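Have a look at work02.txt; it's compact mmCIF, C-alpha atoms:
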# COMPACT_ATOMS: atom_id res chain seq x y z
CA MET J 198 -42.87 45.62 1.92
CA LYS J 199 -39.11 45.96 1.42
CA TRP J 200 -38.98 43.66 -1.60
CA GLU J 201 -41.30 46.01 -3.47
CA ASP J 202 -38.57 48.62 -3.55
CA ASN J 203 -36.89 46.54 -6.28
CA VAL J 204 -39.97 45.91 -8.40
CA ARG J 205 -40.06 47.57 -11.80
CA LYS J 206 -43.34 49.45 -11.60
CA VAL J 207 -45.15 50.64 -14.73
CA ILE J 208 -48.64 51.72 -15.68
CA PRO J 209 -49.67 49.01 -18.15
CA TYR J 210 -51.34 49.36 -21.51
CA VAL J 211 -55.13 48.98 -21.27
CA ALA J 212 -56.49 46.90 -24.13
CA GLY J 213 -59.97 47.30 -25.52
CA GLU J 214 -62.75 45.57 -23.64
CA GLN J 215 -63.48 41.98 -24.73
CA PRO J 216 -67.15 41.43 -23.84
CA ASP J 217 -68.83 38.09 -24.46
CA ILE J 218 -72.42 38.90 -25.34
CA SER J 219 -74.31 36.97 -27.99
CA ASP J 220 -76.07 39.91 -29.66
CA MET J 221 -73.33 42.51 -29.36
CA VAL J 222 -71.77 44.67 -32.06
CA LYS J 223 -68.09 44.71 -31.14
CA LEU J 224 -66.34 47.69 -32.74
CA ASN J 225 -63.80 48.63 -30.09
CA THR J 226 -60.58 46.76 -30.96
CA ASN J 227 -60.23 47.20 -34.73
CA GLU J 228 -60.64 43.52 -35.48
CA ASN J 229 -61.56 42.45 -38.99
CA PRO J 230 -65.26 41.52 -39.30
CA TYR J 231 -64.56 38.86 -41.91
CA PRO J 232 -62.99 35.40 -41.39
CA PRO J 233 -59.44 34.53 -42.46
CA ALA J 234 -58.82 33.25 -45.98
CA PRO J 235 -60.65 29.97 -46.73
CA GLY J 236 -57.36 28.13 -47.10
CA VAL J 237 -56.53 28.97 -43.49
CA THR J 238 -59.70 27.26 -42.28
CA ASP J 239 -59.06 24.19 -44.43
CA LEU J 240 -55.44 23.90 -43.36
CA ALA J 241 -56.31 24.32 -39.68
CA LYS J 242 -58.62 21.29 -39.91
CA GLU J 243 -55.87 19.21 -41.50
CA MET J 244 -52.97 20.17 -39.23
CA ASP J 245 -50.91 17.34 -37.81
CA VAL J 246 -51.15 17.87 -34.05
CA GLU J 247 -48.36 15.34 -33.53
CA LYS J 248 -45.95 18.07 -34.65
CA LEU J 249 -46.96 20.23 -31.72
CA ARG J 250 -44.72 18.17 -29.43
CA LEU J 251 -41.73 19.64 -31.27
CA TYR J 252 -40.31 23.13 -31.01
CA PRO J 253 -41.23 25.40 -33.93
CA ASP J 254 -38.67 26.76 -36.35
CA THR J 255 -36.83 29.54 -34.52
CA ASN J 256 -36.66 31.68 -37.68
CA ALA J 257 -40.32 31.03 -38.57
CA GLU J 258 -39.11 29.93 -42.00
CA PRO J 259 -42.53 28.73 -43.29
CA LEU J 260 -43.88 32.24 -42.81
CA VAL J 261 -40.75 34.21 -43.67
CA ASP J 262 -40.38 32.36 -46.99
CA VAL J 263 -43.87 33.43 -48.08
CA LEU J 264 -43.47 36.99 -46.84
CA SER J 265 -40.17 37.25 -48.69
CA GLU J 266 -41.82 36.26 -51.96
CA TYR J 267 -44.92 38.40 -51.42
CA TYR J 268 -43.07 41.62 -50.59
CA GLY J 269 -40.06 40.99 -52.81
CA VAL J 270 -37.42 41.32 -50.10
CA ALA J 271 -34.67 38.98 -48.95
CA LYS J 272 -35.48 36.68 -46.03
CA ASN J 273 -32.70 38.18 -43.93
CA ARG J 274 -34.56 41.50 -44.01
CA ILE J 275 -37.69 40.12 -42.30
CA PHE J 276 -38.28 39.67 -38.58
CA VAL J 277 -41.43 38.04 -37.19
CA GLY J 278 -42.96 38.18 -33.74
CA VAL J 279 -46.03 37.35 -31.68
CA GLY J 280 -48.15 40.17 -33.05
CA SER J 281 -46.76 43.55 -34.02
CA ASP J 282 -46.74 44.47 -30.32
CA ASP J 283 -44.04 41.86 -29.77
CA VAL J 284 -42.09 43.18 -32.76
CA LEU J 285 -42.39 46.76 -31.55
CA ALA J 286 -41.45 45.90 -27.97
CA MET J 287 -38.34 44.11 -29.22
CA ALA J 288 -37.50 47.09 -31.43
CA PHE J 289 -37.79 49.47 -28.44
CA LEU J 290 -35.51 47.22 -26.42
CA THR J 291 -32.99 46.83 -29.24
CA PHE J 292 -32.75 50.25 -30.83
CA PHE J 293 -33.79 52.89 -28.31
CA ASN J 294 -30.82 53.01 -25.97
CA SER J 295 -29.70 56.63 -26.18
CA ASP J 296 -29.67 59.18 -23.37
CA LYS J 297 -31.65 61.42 -25.72
CA PRO J 298 -35.44 61.04 -25.77
CA ILE J 299 -37.23 59.12 -28.48
CA LEU J 300 -39.99 61.05 -30.23
CA PHE J 301 -43.57 60.06 -31.02
CA PRO J 302 -46.89 61.93 -31.38
CA ASP J 303 -48.89 62.99 -28.34
CA VAL J 304 -52.00 61.34 -29.77
CA THR J 305 -50.97 57.91 -30.99
CA TYR J 306 -50.83 54.23 -30.08
CA SER J 307 -50.87 54.21 -26.29
CA PHE J 308 -48.44 51.30 -25.96
CA TYR J 309 -45.46 53.47 -26.96
CA ASP J 310 -45.10 55.27 -23.64
CA VAL J 311 -45.69 51.99 -21.78
CA TRP J 312 -42.70 50.33 -23.49
CA ALA J 313 -40.61 53.44 -22.98
CA ASN J 314 -41.36 53.42 -19.27
CA LEU J 315 -40.86 49.67 -18.97
CA TYR J 316 -37.44 49.77 -20.61
CA ARG J 317 -36.55 53.11 -18.99
CA ILE J 318 -36.22 54.87 -22.30
CA PRO J 319 -36.46 58.67 -22.16
CA TYR J 320 -39.18 59.96 -24.46
CA LYS J 321 -40.93 63.10 -25.58
CA THR J 322 -44.41 63.29 -27.06
CA VAL J 323 -44.72 65.71 -29.96
CA PRO J 324 -48.10 67.47 -30.30
CA LEU J 325 -50.00 66.80 -33.48
CA LYS J 326 -51.32 69.85 -35.31
CA ASP J 327 -54.93 70.92 -34.87
CA ASP J 328 -55.91 68.87 -37.92
CA TRP J 329 -54.26 65.80 -36.29
CA SER J 330 -51.39 65.73 -38.78
CA ILE J 331 -47.68 65.47 -38.02
CA ASP J 332 -45.41 68.49 -38.47
CA ALA J 333 -42.20 67.01 -39.90
CA ASP J 334 -40.17 69.95 -38.55
CA ASP J 335 -40.93 68.78 -35.00
CA TYR J 336 -38.82 65.69 -35.68
CA LYS J 337 -35.76 67.59 -36.89
CA VAL J 338 -34.26 67.92 -33.43
CA PRO J 339 -31.71 65.81 -31.53
CA ASN J 340 -33.35 62.58 -30.38
CA GLY J 341 -32.76 58.93 -29.55
CA GLY J 342 -35.15 57.53 -32.15
CA VAL J 343 -38.48 58.17 -33.84
CA ILE J 344 -41.65 56.09 -34.06
CA PHE J 345 -45.10 56.88 -35.43
CA PRO J 346 -47.97 54.91 -36.97
CA ASN J 347 -49.08 55.59 -40.52
CA PRO J 348 -52.06 55.72 -40.68
CA ASN J 349 -52.02 57.01 -37.13
CA ALA J 350 -54.08 55.46 -34.36
CA PRO J 351 -56.53 56.47 -33.06
CA THR J 352 -57.01 59.27 -35.60
CA GLY J 353 -56.83 57.14 -38.77
CA LEU J 354 -55.04 59.95 -40.60
CA PHE J 355 -52.48 58.95 -43.23
CA GLU J 356 -49.34 61.00 -43.75
CA PRO J 357 -48.09 61.27 -47.37
CA LEU J 358 -44.88 59.40 -48.09
CA GLU J 359 -43.11 62.66 -48.91
CA LYS J 360 -43.50 63.69 -45.27
CA VAL J 361 -42.48 60.24 -44.03
CA GLU J 362 -39.29 60.41 -46.07
CA GLU J 363 -38.63 63.94 -44.86
CA ILE J 364 -38.61 62.64 -41.28
CA ILE J 365 -36.39 59.68 -42.16
CA LYS J 366 -33.88 61.90 -43.99
CA ALA J 367 -33.74 64.29 -41.03
CA ASN J 368 -32.78 61.44 -38.67
CA PRO J 369 -29.89 59.47 -40.22
CA ASP J 370 -28.22 58.77 -36.86
CA VAL J 371 -31.13 57.01 -35.15
CA VAL J 372 -33.60 54.26 -35.97
CA VAL J 373 -36.92 55.43 -37.41
CA ILE J 374 -39.87 53.07 -37.02
CA VAL J 375 -43.02 53.42 -39.13
CA ASP J 376 -45.83 51.36 -37.63
CA GLU J 377 -48.07 50.32 -40.53
CA ALA J 378 -50.69 48.26 -38.69
CA TYR J 379 -53.46 49.87 -40.77
CA VAL J 380 -51.77 50.75 -44.04
CA ASP J 381 -53.59 48.08 -46.07
CA PHE J 382 -56.89 49.94 -45.65
CA GLY J 383 -55.99 52.82 -47.94
CA GLY J 384 -52.51 54.13 -47.20
CA GLU J 385 -49.32 53.78 -49.18
CA SER J 386 -46.55 51.76 -47.57
CA ALA J 387 -43.08 53.07 -46.83
CA LEU J 388 -41.60 49.63 -47.48
CA SER J 389 -39.76 50.81 -50.59
CA PHE J 390 -37.79 53.23 -48.42
CA THR J 391 -36.17 50.31 -46.60
CA ASP J 392 -34.05 49.77 -49.72
CA LYS J 393 -32.79 53.31 -49.44
CA TYR J 394 -32.46 53.93 -45.68
CA GLU J 395 -30.55 51.45 -43.53
CA ASN J 396 -32.05 52.89 -40.34
CA LEU J 397 -35.73 52.46 -41.30
CA LEU J 398 -37.91 49.72 -39.83
CA VAL J 399 -41.45 49.17 -41.15
CA VAL J 400 -43.75 47.14 -38.89
CA ARG J 401 -46.87 45.25 -40.01
CA THR J 402 -49.47 42.93 -38.47
CA PHE J 403 -51.84 40.13 -39.45
CA SER J 404 -54.33 41.18 -36.76
CA LYS J 405 -56.21 43.77 -38.80
CA SER J 406 -56.23 43.36 -42.57
CA ARG J 407 -55.61 39.60 -42.55
CA SER J 408 -58.28 38.72 -39.94
CA MET J 409 -55.89 36.80 -37.70
CA ALA J 410 -55.73 38.72 -34.41
CA GLY J 411 -56.21 35.47 -32.50
CA LEU J 412 -53.02 33.91 -33.87
CA ARG J 413 -50.78 36.87 -32.93
CA ILE J 414 -48.62 37.39 -36.00
CA GLY J 415 -46.52 40.47 -36.64
CA PHE J 416 -43.46 41.20 -38.71
CA CYS J 417 -41.17 43.98 -39.77
CA ILE J 418 -38.97 44.70 -42.75
CA GLY J 419 -35.74 46.63 -42.64
CA SER J 420 -32.10 46.44 -43.61
CA GLU J 421 -30.18 43.22 -43.07
CA LYS J 422 -28.24 44.91 -40.28
CA LEU J 423 -31.35 46.04 -38.39
CA ILE J 424 -32.90 42.57 -38.60
CA LYS J 425 -29.71 40.94 -37.33
CA TYR J 426 -29.72 43.21 -34.29
CA LEU J 427 -33.36 42.35 -33.64
CA ASN J 428 -32.68 38.63 -33.88
CA ASP J 429 -29.71 38.92 -31.55
CA ALA J 430 -31.97 40.51 -28.93
CA LYS J 431 -34.79 38.02 -29.56
CA TYR J 432 -32.52 35.00 -29.18
CA SER J 433 -31.28 36.48 -25.92
CA VAL J 434 -34.84 36.42 -24.57
CA ASN J 435 -36.72 33.54 -26.23
CA SER J 436 -35.73 31.64 -29.35
CA TYR J 437 -39.14 30.06 -29.90
CA THR J 438 -41.46 33.04 -29.89
CA MET J 439 -43.84 32.14 -32.72
CA ASN J 440 -45.76 28.87 -32.46
CA LEU J 441 -46.01 26.39 -35.31
CA PRO J 442 -49.72 26.90 -36.16
CA SER J 443 -49.17 30.65 -36.49
CA GLN J 444 -46.24 30.10 -38.86
CA ILE J 445 -48.13 27.67 -41.08
CA LEU J 446 -51.54 29.36 -41.08
CA GLY J 447 -50.00 32.80 -41.45
CA ALA J 448 -48.17 31.65 -44.57
CA GLU J 449 -51.41 30.25 -45.98
CA ALA J 450 -53.18 33.57 -45.44
CA VAL J 451 -50.56 35.44 -47.47
CA LYS J 452 -50.94 33.04 -50.39
CA ASP J 453 -54.58 33.97 -50.99
CA ASP J 454 -54.08 37.51 -52.25
CA ARG J 455 -57.40 37.60 -54.07
CA TYR J 456 -59.41 36.99 -50.88
CA PHE J 457 -57.21 39.48 -49.01
CA LYS J 458 -57.94 42.27 -51.48
CA GLU J 459 -61.63 41.45 -51.72
CA THR J 460 -61.97 41.71 -47.95
CA LEU J 461 -60.09 45.01 -47.87
CA SER J 462 -62.36 46.37 -50.58
CA LYS J 463 -65.46 45.45 -48.56
CA ILE J 464 -64.17 47.23 -45.47
CA ILE J 465 -63.09 50.32 -47.39
CA ASN J 466 -66.46 50.58 -49.13
CA THR J 467 -68.29 50.20 -45.82
CA ARG J 468 -66.03 52.82 -44.22
CA GLU J 469 -66.75 55.38 -46.92
CA ARG J 470 -70.49 54.76 -46.67
CA PHE J 471 -70.34 55.07 -42.88
CA LYS J 472 -68.47 58.37 -43.18
CA LYS J 473 -71.42 59.81 -45.09
CA GLU J 474 -73.83 58.64 -42.40
CA LEU J 475 -71.72 60.13 -39.61
CA THR J 476 -71.56 63.45 -41.44
CA ARG J 477 -75.34 63.42 -41.83
CA LEU J 478 -75.68 62.81 -38.09
CA GLY J 479 -73.50 65.79 -37.18
CA PHE J 480 -70.15 64.13 -36.53
CA THR J 481 -66.76 65.42 -37.62
CA PHE J 482 -63.67 63.25 -38.10
CA PRO J 483 -60.29 63.09 -39.83
CA ASP J 484 -60.32 61.43 -43.24
CA SER J 485 -59.59 57.90 -42.08
CA LYS J 486 -57.49 55.57 -44.21
CA SER J 487 -57.72 52.79 -41.62
CA ASN J 488 -60.42 50.34 -40.57
CA PHE J 489 -61.86 52.73 -38.00
CA ILE J 490 -63.15 56.29 -37.75
CA PHE J 491 -62.22 58.79 -35.03
CA ALA J 492 -65.40 60.81 -34.62
CA SER J 493 -66.64 63.69 -32.48
CA HIS J 494 -70.18 65.03 -32.43
CA LYS J 495 -70.73 68.76 -32.75
CA THR J 496 -73.14 69.04 -29.81
CA VAL J 497 -73.33 65.74 -27.87
CA ASP J 498 -70.53 64.57 -25.58
CA ALA J 499 -68.64 61.45 -26.62
CA ASP J 500 -68.95 59.97 -23.12
CA HIS J 501 -72.74 60.13 -23.31
CA ILE J 502 -72.83 58.53 -26.75
CA TYR J 503 -70.36 55.84 -25.65
CA ASN J 504 -72.45 54.85 -22.64
CA GLU J 505 -75.72 54.90 -24.55
CA LEU J 506 -74.21 52.65 -27.22
CA ARG J 507 -73.06 50.24 -24.50
CA LYS J 508 -76.65 50.00 -23.26
CA LYS J 509 -77.51 48.78 -26.75
CA ASN J 510 -74.63 46.24 -26.69
CA ILE J 511 -72.64 48.27 -29.19
CA PHE J 512 -69.02 48.61 -28.08
CA VAL J 513 -66.72 51.35 -29.38
CA ARG J 514 -63.55 52.86 -27.88
CA HIS J 515 -63.41 56.01 -25.76
CA TRP J 516 -60.53 57.55 -23.82
CA ASN J 517 -60.74 60.24 -21.11
CA LYS J 518 -57.47 61.80 -22.21
CA ASP J 519 -56.33 65.27 -23.14
CA ARG J 520 -57.37 66.38 -26.62
CA ILE J 521 -59.36 63.23 -27.41
CA ALA J 522 -61.91 62.99 -24.58
CA ASN J 523 -64.72 64.05 -26.91
CA TYR J 524 -63.89 61.48 -29.61
CA LEU J 525 -65.00 57.92 -30.22
CA ARG J 526 -63.00 55.41 -32.22
CA ILE J 527 -65.43 53.24 -34.15
CA THR J 528 -64.13 50.13 -35.89
CA ILE J 529 -65.59 49.35 -39.29
CA GLY J 530 -67.61 46.15 -39.17
CA THR J 531 -69.90 44.58 -41.73
CA ASP J 532 -72.54 46.64 -43.52
CA GLU J 533 -75.17 45.08 -41.26
CA GLU J 534 -73.24 46.03 -38.12
CA MET J 535 -72.68 49.59 -39.26
CA ASP J 536 -76.39 49.93 -40.08
CA LYS J 537 -77.13 48.95 -36.46
CA VAL J 538 -74.71 51.63 -35.28
CA VAL J 539 -76.35 54.26 -37.46
CA LYS J 540 -79.81 53.32 -36.18
CA ALA J 541 -78.57 53.44 -32.58
CA LEU J 542 -76.94 56.83 -33.11
CA GLU J 543 -80.14 58.20 -34.63
CA GLU J 544 -82.01 57.11 -31.50
CA ILE J 545 -79.37 58.53 -29.13
CA LEU J 546 -79.16 61.84 -30.98
CA GLY J 547 -82.91 62.11 -31.53
CA CYS J 548 -82.60 62.30 -35.31
As structure tokens, please, write out the structure in this file.
Amino acid sequence: MKWEDNVRKVIPYVAGEQPDISDMVKLNTNENPYPPAPGVTDLAKEMDVEKLRLYPDTNAEPLVDVLSEYYGVAKNRIFVGVGSDDVLAMAFLTFFNSDKPILFPDVTYSFYDVWANLYRIPYKTVPLKDDWSIDADDYKVPNGGVIFPNPNAPTGLFEPLEKVEEIIKANPDVVVIVDEAYVDFGGESALSFTDKYENLLVVRTFSKSRSMAGLRIGFCIGSEKLIKYLNDAKYSVNSYTMNLPSQILGAEAVKDDRYFKETLSKIINTRERFKKELTRLGFTFPDSKSNFIFASHKTVDADHIYNELRKKNIFVRHWNKDRIANYLRITIGTDEEMDKVVKALEEILGC
């Protein structure tokens, strides 16, 4: 059809499968296995639904106020969006407008190339080293911007802040985005660098460490100038992006820091225990500092393990892509869930 000649065609991001099976173990989308903070549940029951007839605060002030206090940064240095995907998409649209290609790793969050193609941003993927780490020297070339997760996804590998700063310092003329969706699970944040580098944007999410994937809350912190540019673009698209319940319940989640840290500790302890079991079963993997493990078996194909786990209603993530086709990304669930995975793997591997 003629009209299709003017359609912007892209290959979309493929999210993890969302099965609805009563006895499943769902470890394929890096969700938190524990509920949100108790105060979130209580407040949700008490919410005044009458207020839902009104537009929410365009600046998400209820949430921004709490984030400002928690992270010790001025409110005009915080931008919120409908999940970190919304924040990242807006950042791509706002900051990556050069004729030079933006740079990001070849094995990384698979939404990056989708946004680049959607917004017609030239890009170049930079190969990770054999140990899955970033070579900072690869990012010391002319470019239109830099983005990478830390810890990386799907590898879970955390880059030391010295390397992160090396990349930022080498790129003073473009915006550098550090995607910290998983940093709460054992990494060290680059947030302090936002005081020092005007061109640095650090992106975070409530979907993983704060157990609120269903409410779609993301935010970023950067210089006042960066945030103003982001807001200018946002208000040119949709002023009311974050709904009122997300603003209020998100703020409540941040207030309960004790519960937040207790939950993180549980997941980290389970992850470290699961690493030992995987090693015993013959798997190798990078030293994950996230809430998942990127594992490959020494003798059994990942595709076979993936399909056998599915038969047992255990869902993990597998990609048939270059370099990672023989790896599985396994989200860390509860101790009980991970014990079921270990038992299933023993049966599949004949251990």
Go ahead and compute the interatomic distance for CA of Ala313 (chain J) and CA of Tyr394 (chain J), in Å to one decimal. 24.1 Å
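Reported to one decimal place, the separation of CA of Val538 (chain J) from CA of Lys473 (chain J) is 13.2 Å.
In terms of minimum interatomic distance to Phe355 (chain J), J:Trp329 ranks closest within J:Trp329, J:Tyr267, J:Phe471, J:Tyr306, counting all atoms listed in the file.
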Do you have, as JSON lines, the list of residues of region 257-292 of chain J lying at most 12 Å from region 339-351 of chain J, each with its nearest atom pair and that distance in Å to one decimal, counting only C-alpha atoms and ordered by chain then number?
{"residue": "J:Ser281", "atom": "CA", "partner": "J:Pro346", "partner_atom": "CA", "distance": 11.8}
{"residue": "J:Leu285", "atom": "CA", "partner": "J:Ile344", "partner_atom": "CA", "distance": 9.7}
{"residue": "J:Ala286", "atom": "CA", "partner": "J:Ile344", "partner_atom": "CA", "distance": 11.9}
{"residue": "J:Ala288", "atom": "CA", "partner": "J:Ile344", "partner_atom": "CA", "distance": 10.3}
{"residue": "J:Phe289", "atom": "CA", "partner": "J:Gly342", "partner_atom": "CA", "distance": 9.3}
{"residue": "J:Leu290", "atom": "CA", "partner": "J:Gly342", "partner_atom": "CA", "distance": 11.8}
{"residue": "J:Thr291", "atom": "CA", "partner": "J:Gly342", "partner_atom": "CA", "distance": 11.3}
{"residue": "J:Phe292", "atom": "CA", "partner": "J:Gly342", "partner_atom": "CA", "distance": 7.8}
Proximity to Pro232 (chain J) - best of J:Ala410, J:Ala378, J:Ile331, J:Ile218, all atoms listed in the file: J:Ala410
Find the spatial neighbours of Thr322 (chain J), counting all atoms listed in the file, within a cut-off of 8 Å - ignore same-chain residues fewer than 6 positions away - and output them as a PDB file with C-alpha atoms, in the frame of the given file.
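File written: result_10.pdb
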ATOM      1  CA  LEU J 300     -39.990  61.050 -30.230  1.00  0.00           C
ATOM      2  CA  PHE J 301     -43.570  60.060 -31.020  1.00  0.00           C
ATOM      3  CA  PRO J 302     -46.890  61.930 -31.380  1.00  0.00           C
ATOM      4  CA  ASP J 303     -48.890  62.990 -28.340  1.00  0.00           C
TER       5      ASP J 303
END
Within 9 Å of Lys223 (chain J), counting all atoms listed in the file, which residues qualify if same-chain residues fewer than 6 places away don't, as a ChimeraX atom specification? /J:215-216,510-513,528,530,534
For Arg526 (chain J): contacts at 8 Å, only C-alpha atoms, fewer than 6 positions along chain excluded, given as a list in words: Asn225, Pro351, Thr352, Phe489, Ile490, Phe491, Ala492, Val513, Arg514 and His515 of chain J
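Relative to CA of Ala541 (chain J), CA of Asp500 (chain J) is found at 15.0 Å.
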Since the input has fewer atoms than a full residue there, write region 327-341 of chain J out with N, CA and C atoms, as a compact mmCIF listing (two decimals), keeping the file's coordinate frame.
# COMPACT_ATOMS: atom_id res chain seq x y z
N ASP J 327 -53.50 70.89 -35.15
CA ASP J 327 -54.93 70.92 -34.87
C ASP J 327 -55.74 70.02 -35.79
N ASP J 328 -55.21 69.76 -36.99
CA ASP J 328 -55.91 68.87 -37.92
C ASP J 328 -55.47 67.42 -37.75
N TRP J 329 -54.75 67.13 -36.67
CA TRP J 329 -54.26 65.80 -36.29
C TRP J 329 -53.09 65.31 -37.14
N SER J 330 -52.53 66.14 -37.95
CA SER J 330 -51.39 65.73 -38.78
C SER J 330 -50.07 65.98 -38.07
N ILE J 331 -49.03 65.31 -38.55
CA ILE J 331 -47.68 65.47 -38.02
C ILE J 331 -47.01 66.66 -38.70
N ASP J 332 -46.27 67.43 -37.92
CA ASP J 332 -45.41 68.49 -38.47
C ASP J 332 -44.00 67.90 -38.54
N ALA J 333 -43.51 67.65 -39.73
CA ALA J 333 -42.20 67.01 -39.90
C ALA J 333 -41.08 67.80 -39.23
N ASP J 334 -41.21 69.13 -39.16
CA ASP J 334 -40.17 69.95 -38.55
C ASP J 334 -39.98 69.63 -37.07
N ASP J 335 -41.02 69.12 -36.42
CA ASP J 335 -40.93 68.78 -35.00
C ASP J 335 -39.98 67.61 -34.75
N TYR J 336 -39.68 66.87 -35.80
CA TYR J 336 -38.82 65.69 -35.68
C TYR J 336 -37.41 65.95 -36.19
N LYS J 337 -37.10 67.21 -36.42
CA LYS J 337 -35.76 67.59 -36.89
C LYS J 337 -34.96 68.19 -35.75
N VAL J 338 -34.98 67.49 -34.63
CA VAL J 338 -34.26 67.92 -33.43
C VAL J 338 -33.48 66.72 -32.91
N PRO J 339 -32.45 66.94 -32.08
CA PRO J 339 -31.71 65.81 -31.53
C PRO J 339 -32.63 64.86 -30.77
N ASN J 340 -32.48 63.57 -31.03
CA ASN J 340 -33.35 62.58 -30.38
C ASN J 340 -32.67 61.22 -30.36
N GLY J 341 -33.29 60.28 -29.64
CA GLY J 341 -32.76 58.93 -29.55
C GLY J 341 -33.47 57.93 -30.43
